[in-house]
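Engineer: First the structure, then my questions, so here it is.
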Amino acid sequence: MTLYWLLSVPAQGDGHIAWRDVKNRVGDSEAYDFTLPMFKIGTLDTLVRLSDELAKYDASYENTTGKFIDTLRNLTGASNASLSSTLVVEDKSVDQYIRTFSWNNSRFRSDKALPEIVSQIGEAMGSIEASLKTKMTQYNAIKNSLATVKRKQTGNLSVRSLNGIVRREDCLSDSEYMRTAFVAVPKNLTREWANSYEHLADMVVPRSSKKIADDAEYVLYSVVLFKRVFDEFSNKARDARFIVRDYVYDEDEIQKDRVLAIEVVEQEEELLDNITEWLKGSFGDVVSAWIHIKALRVFVESILRYGIPPDFLPILVKPNLKQASKIKQQLNEFFSYLETSASASARATMAGKAKPKPMHASDDSAFDMQEFSNILSDYTPFVFFDIPWTFLDSD
């Protein structure tokens with residue numbers, strides 16, 4: 001499991017001291033600079049609104065990232081190790097991209113207003129998600145067609161296509177009044193078939209039953225009868241648990257089936273290759289958009305938390321997983337001076353971690369102390385976000 005923490009602490013005029021304070025608490029865990037542009041701050045109302053919007057985008061894009069990886073895994077059967085070595089973001093591995101993150105000004109210009117940047121990222125991701133939906137709809141349609149073709153070529157003799165099984169010489173041709181019927185008979189009923197088929201209708205040619213093929217469950221017989229009694233014969237055969245196949249030998253139809261089978265297989269393979277390449281190519285854009293949203297969240301929450309002018313230090317930490325809880329506790333204790341418990345509760349509410357409830361003297365359920373304790377246990381006195389990169393954990 002790979003986990004990153006993206007946090008921000010007050011710089012208090014000296015980022016070096018802030019870096020040292022954090023580094024001393026994280027011990028042997030890796031820490032990296034996480035440089036942000038100087039965005040246009042805008043109004044407090046705008047920042048509060050963006051705080052809510054960015055949280056939603058964050059969760060949505062994390063989900064989309066997972067969806068891309070799951071789709072690739074399902075389509076290609078590739079292992080997590082294989083995907084990890086082939087999926088890149090701006091020509092870097094995901095881990096390297098996160099550790100060396102730099103705002104991509106060519107894609108998302110930092111000199112624009114924050115809502116405009118967020119909107120631009122949202123439009124880019126909306127286009128990618130729409131393309132994914134369209135491509136998967138197309139692929140599932142061709143997969144269904146392929147399944148239909150395979151179903152015709154497989155299964156037992158009661159359901160599979162008889163093209164390629166029945167030969168021209170097995171069929172009575174050029175007769176105005178008579179035809180050949182093909183009947184799938186369960187293997188345990190072959191004796192009953194031999195004793196009864198001539199009596200299933202009045203105009204069945206005696207001794208015309210002929211074995212065409214068999215499988216593990218059925219024997220396929222042909223029988224010659226008059227066309228006028230075919231429906232009667234079929235109904236009585238069904239009552240006897242014999243399955244009359246609705247089949248007429250047709251060379252043109254056989255050739256069409258062959259061509260269709262080849263075309264569907266080729267279309268499925270081509271579409272699979274195209275979608276796989278598109279997923280790999282677009283994966284970098286998805287992860288990039290997600291991490292840019294994380295960066296914007298850090299900036300917005302830092303302004304809301306620490307005020308203006310901006311004087312904070314964003315830091316990326318890759319915690320030692322065995323000591324993660326202890327490290328987080330040490331950071332919380334060191335930066336506890338930033339918050340009182342009362343203001344922590346208020347800020348947790350503003351950050352969307354708690355929803356205020358109306359309190360009435362007569363309503364004992366209005367205040368849930370356990371819920372309140374859980375909120376405070378998750379809340380930190382500094383800006384803190386997880387980047388849980390668990391999508392490609394070892395198989």
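For the structure tokens, the naming scheme is as follows: chains receive sequential letters (A, B, ...) according to their order of presentation, residues are indexed from 1 within each chain, and ligands are indexed from 1 in presentation order.
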Within region 156-224 of chain A, find each residue whose DSSP state, derived from the backbone, is strand (DSSP E), and express the selection as a PyMOL selection string.

Structural biologist: chain A and resi 178-186+210-214+218-224

Engineer: Just list the residues in region 160-282 of chain A DSSP gives helix (DSSP H, G or I) on the backbone, as a PyMOL selection string.

Structural biologist: chain A and resi 168-170+187-199+227-239+251-282

Engineer: Quick one: everything within 9 Å of Ile165 (chain A), counting only C-alpha atoms, minus sequence neighbours fewer than 2 positions away in the same chain. Send it as a PDB file with all heavy atoms, in the first residue's frame.

Structural biologist:
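Dumped to selection.pdb:
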```pdb
ATOM      1  N   SER A 161     -26.210 -23.355 -33.443  1.00  0.00           N
ATOM      2  CA  SER A 161     -26.489 -23.279 -34.868  1.00  0.00           C
ATOM      3  C   SER A 161     -26.141 -24.606 -35.532  1.00  0.00           C
ATOM      4  O   SER A 161     -25.146 -25.251 -35.203  1.00  0.00           O
ATOM      5  CB  SER A 161     -25.676 -22.151 -35.496  1.00  0.00           C
ATOM      6  OG  SER A 161     -25.780 -22.191 -36.905  1.00  0.00           O
ATOM      7  N   LEU A 162     -26.959 -24.993 -36.477  1.00  0.00           N
ATOM      8  CA  LEU A 162     -26.703 -26.248 -37.197  1.00  0.00           C
ATOM      9  C   LEU A 162     -25.877 -26.025 -38.448  1.00  0.00           C
ATOM     10  O   LEU A 162     -25.540 -26.989 -39.146  1.00  0.00           O
ATOM     11  CB  LEU A 162     -28.032 -26.924 -37.545  1.00  0.00           C
ATOM     12  CG  LEU A 162     -28.894 -27.325 -36.345  1.00  0.00           C
ATOM     13  CD1 LEU A 162     -30.142 -28.056 -36.809  1.00  0.00           C
ATOM     14  CD2 LEU A 162     -28.110 -28.162 -35.359  1.00  0.00           C
ATOM     15  N   ASN A 163     -25.562 -24.756 -38.725  1.00  0.00           N
ATOM     16  CA  ASN A 163     -24.678 -24.480 -39.850  1.00  0.00           C
ATOM     17  C   ASN A 163     -23.312 -25.114 -39.575  1.00  0.00           C
ATOM     18  O   ASN A 163     -22.732 -24.935 -38.516  1.00  0.00           O
ATOM     19  CB  ASN A 163     -24.504 -22.978 -40.054  1.00  0.00           C
ATOM     20  CG  ASN A 163     -25.739 -22.338 -40.656  1.00  0.00           C
ATOM     21  OD1 ASN A 163     -26.549 -23.016 -41.299  1.00  0.00           O
ATOM     22  ND2 ASN A 163     -25.911 -21.034 -40.451  1.00  0.00           N
ATOM     23  N   ARG A 167     -25.212 -31.065 -43.548  1.00  0.00           N
ATOM     24  CA  ARG A 167     -24.652 -30.925 -44.897  1.00  0.00           C
ATOM     25  C   ARG A 167     -25.777 -30.871 -45.929  1.00  0.00           C
ATOM     26  O   ARG A 167     -26.927 -31.224 -45.637  1.00  0.00           O
ATOM     27  CB  ARG A 167     -23.731 -32.096 -45.208  1.00  0.00           C
ATOM     28  CG  ARG A 167     -22.547 -32.222 -44.250  1.00  0.00           C
ATOM     29  CD  ARG A 167     -21.882 -33.564 -44.390  1.00  0.00           C
ATOM     30  NE  ARG A 167     -22.822 -34.643 -44.036  1.00  0.00           N
ATOM     31  CZ  ARG A 167     -22.537 -35.938 -44.176  1.00  0.00           C
ATOM     32  NH1 ARG A 167     -21.370 -36.319 -44.664  1.00  0.00           N
ATOM     33  NH2 ARG A 167     -23.453 -36.840 -43.843  1.00  0.00           N
ATOM     34  N   ILE A 212     -27.563 -37.532 -37.576  1.00  0.00           N
ATOM     35  CA  ILE A 212     -26.685 -36.537 -38.213  1.00  0.00           C
ATOM     36  C   ILE A 212     -25.446 -36.266 -37.355  1.00  0.00           C
ATOM     37  O   ILE A 212     -24.324 -36.206 -37.852  1.00  0.00           O
ATOM     38  CB  ILE A 212     -27.445 -35.208 -38.444  1.00  0.00           C
ATOM     39  CG1 ILE A 212     -28.694 -35.448 -39.293  1.00  0.00           C
ATOM     40  CG2 ILE A 212     -26.531 -34.160 -39.089  1.00  0.00           C
ATOM     41  CD1 ILE A 212     -28.415 -35.966 -40.687  1.00  0.00           C
ATOM     42  N   ALA A 213     -25.670 -36.112 -36.050  1.00  0.00           N
ATOM     43  CA  ALA A 213     -24.553 -35.789 -35.145  1.00  0.00           C
ATOM     44  C   ALA A 213     -24.998 -36.073 -33.713  1.00  0.00           C
ATOM     45  O   ALA A 213     -26.191 -36.300 -33.447  1.00  0.00           O
ATOM     46  CB  ALA A 213     -24.142 -34.326 -35.290  1.00  0.00           C
TER      47      ALA A 213
END
```

Engineer: Per residue of region 128-177 of chain A within 12 Å of region 234-256 of chain A, note the shortest atom pair and the distance in Å to one decimal, counting only C-alpha atoms, and order the rows by chain and increasing residue number, as a tab-separated table.

Structural biologist:
```
residue	atom	partner	partner_atom	distance
A:Val149	CA	A:Lys256	CA	11.8
A:Lys152	CA	A:Ile254	CA	11.9
A:Asn156	CA	A:Ile243	CA	11.7
A:Leu157	CA	A:Arg245	CA	9.0
A:Ser158	CA	A:Ile243	CA	6.5
A:Val159	CA	A:Arg245	CA	8.2
A:Arg160	CA	A:Arg245	CA	9.7
A:Ser161	CA	A:Tyr247	CA	8.7
A:Leu162	CA	A:Tyr247	CA	7.4
A:Asn163	CA	A:Ile254	CA	5.9
A:Gly164	CA	A:Ile254	CA	7.7
A:Ile165	CA	A:Tyr249	CA	10.3
A:Val166	CA	A:Tyr249	CA	7.5
A:Arg167	CA	A:Tyr249	CA	7.8
A:Arg168	CA	A:Tyr249	CA	7.0
A:Glu169	CA	A:Tyr249	CA	10.0
A:Asp170	CA	A:Tyr249	CA	9.1
A:Cys171	CA	A:Tyr249	CA	7.1
A:Leu172	CA	A:Tyr249	CA	9.5
A:Ser173	CA	A:Tyr249	CA	9.2
```

Engineer: Might you pull out every residue within 12 Å of Phe391 (chain A), with only C-alpha atoms counted and same-chain residues fewer than 3 positions away left off, and present them as a PyMOL selection string?

Structural biologist: chain A and resi 1-3+62-73+79-81+83-84+87+94-95+287+387-388+394-395

Engineer: Kindly indicate which residue among A:Phe283, A:Tyr221, A:Tyr57, A:Phe34 lies nearest to Val89 (chain A), using only C-alpha atoms for the distances.

Structural biologist: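 Using only C-alpha atoms, the shortest distance to Val89 (chain A) belongs to A:Phe283.
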
Engineer: Which residue out of A:Pro37, A:Thr390, A:Trp5, A:Leu331 has the minimum interatomic distance to Lys23 (chain A) when only C-alpha atoms are used?

Structural biologist: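 Once distances to Lys23 (chain A) are computed over only C-alpha atoms, the minimum belongs to A:Leu331.
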
Engineer: Of the candidates A:Lys135, A:Arg20, A:Lys112, A:Arg107, which shows the shortest atom-to-atom distance to Asp273 (chain A), using only C-alpha atoms?

Structural biologist: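 The closest residue to Asp273 (chain A) is A:Lys135.
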
Engineer: Write out as a list in words each polymer residue whose atoms come within 12 Å of Glu270 (chain A), counting only C-alpha atoms; drop sequence neighbours fewer than 5 positions from it.

Structural biologist: Gln138, Tyr139, Ile142, Lys143, Glu263, Val264, Val265, Ile275, Thr276 and Glu277 of chain A

Engineer: Do a neighbour search on Val298 (chain A) at 12 Å with only C-alpha atoms, toss out local chain neighbours closer than 3 positions, and write the hits as an MDAnalysis selection string.

Structural biologist: chainID A and resid 5:9 34:37 39 47 50:51 54:55 58 291:295 301:306 310 312:316 382:386

Engineer: Measuring between only C-alpha atoms, which one of A:Gln120, A:Trp193, A:Ala216, A:Leu260 shows the shortest distance to Thr148 (chain A)?

Structural biologist: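 Smallest distance to Thr148 (chain A) is found for A:Leu260.
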
Engineer: Identify which of the residues A:Tyr32, A:Tyr4, A:Tyr177, A:Trp278 lies closest to Leu132 (chain A), counting only C-alpha atoms when measuring atom-to-atom distances.

Structural biologist: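 Closest residue, counting only C-alpha atoms: A:Trp278.
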
Engineer: So how far away is CA of Phe335 (chain A) from CA of Asp14 (chain A), in Å?

Structural biologist: 15.9 Å

Engineer: Between A:Ser110, A:Asn104, A:Ser145, A:Thr43, which one has atoms that come closest to Glu268 (chain A), using only C-alpha atoms?

Structural biologist: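 For Glu268 (chain A), the nearest of the given residues is A:Ser145.
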
Engineer: Go ahead and compute the interatomic distance for CA of Ser282 (chain A) and CA of Ser60 (chain A), in Å to one decimal.

Structural biologist: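 Pair CA of Ser282 (chain A) / CA of Ser60 (chain A) returns 16.1 Å.
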
Engineer: So what do you get for CA of Ala124 (chain A) versus CA of Thr46 (chain A), distance-wise?

Structural biologist: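 According to the coordinates, CA of Ala124 (chain A) and CA of Thr46 (chain A) are separated by 21.5 Å.
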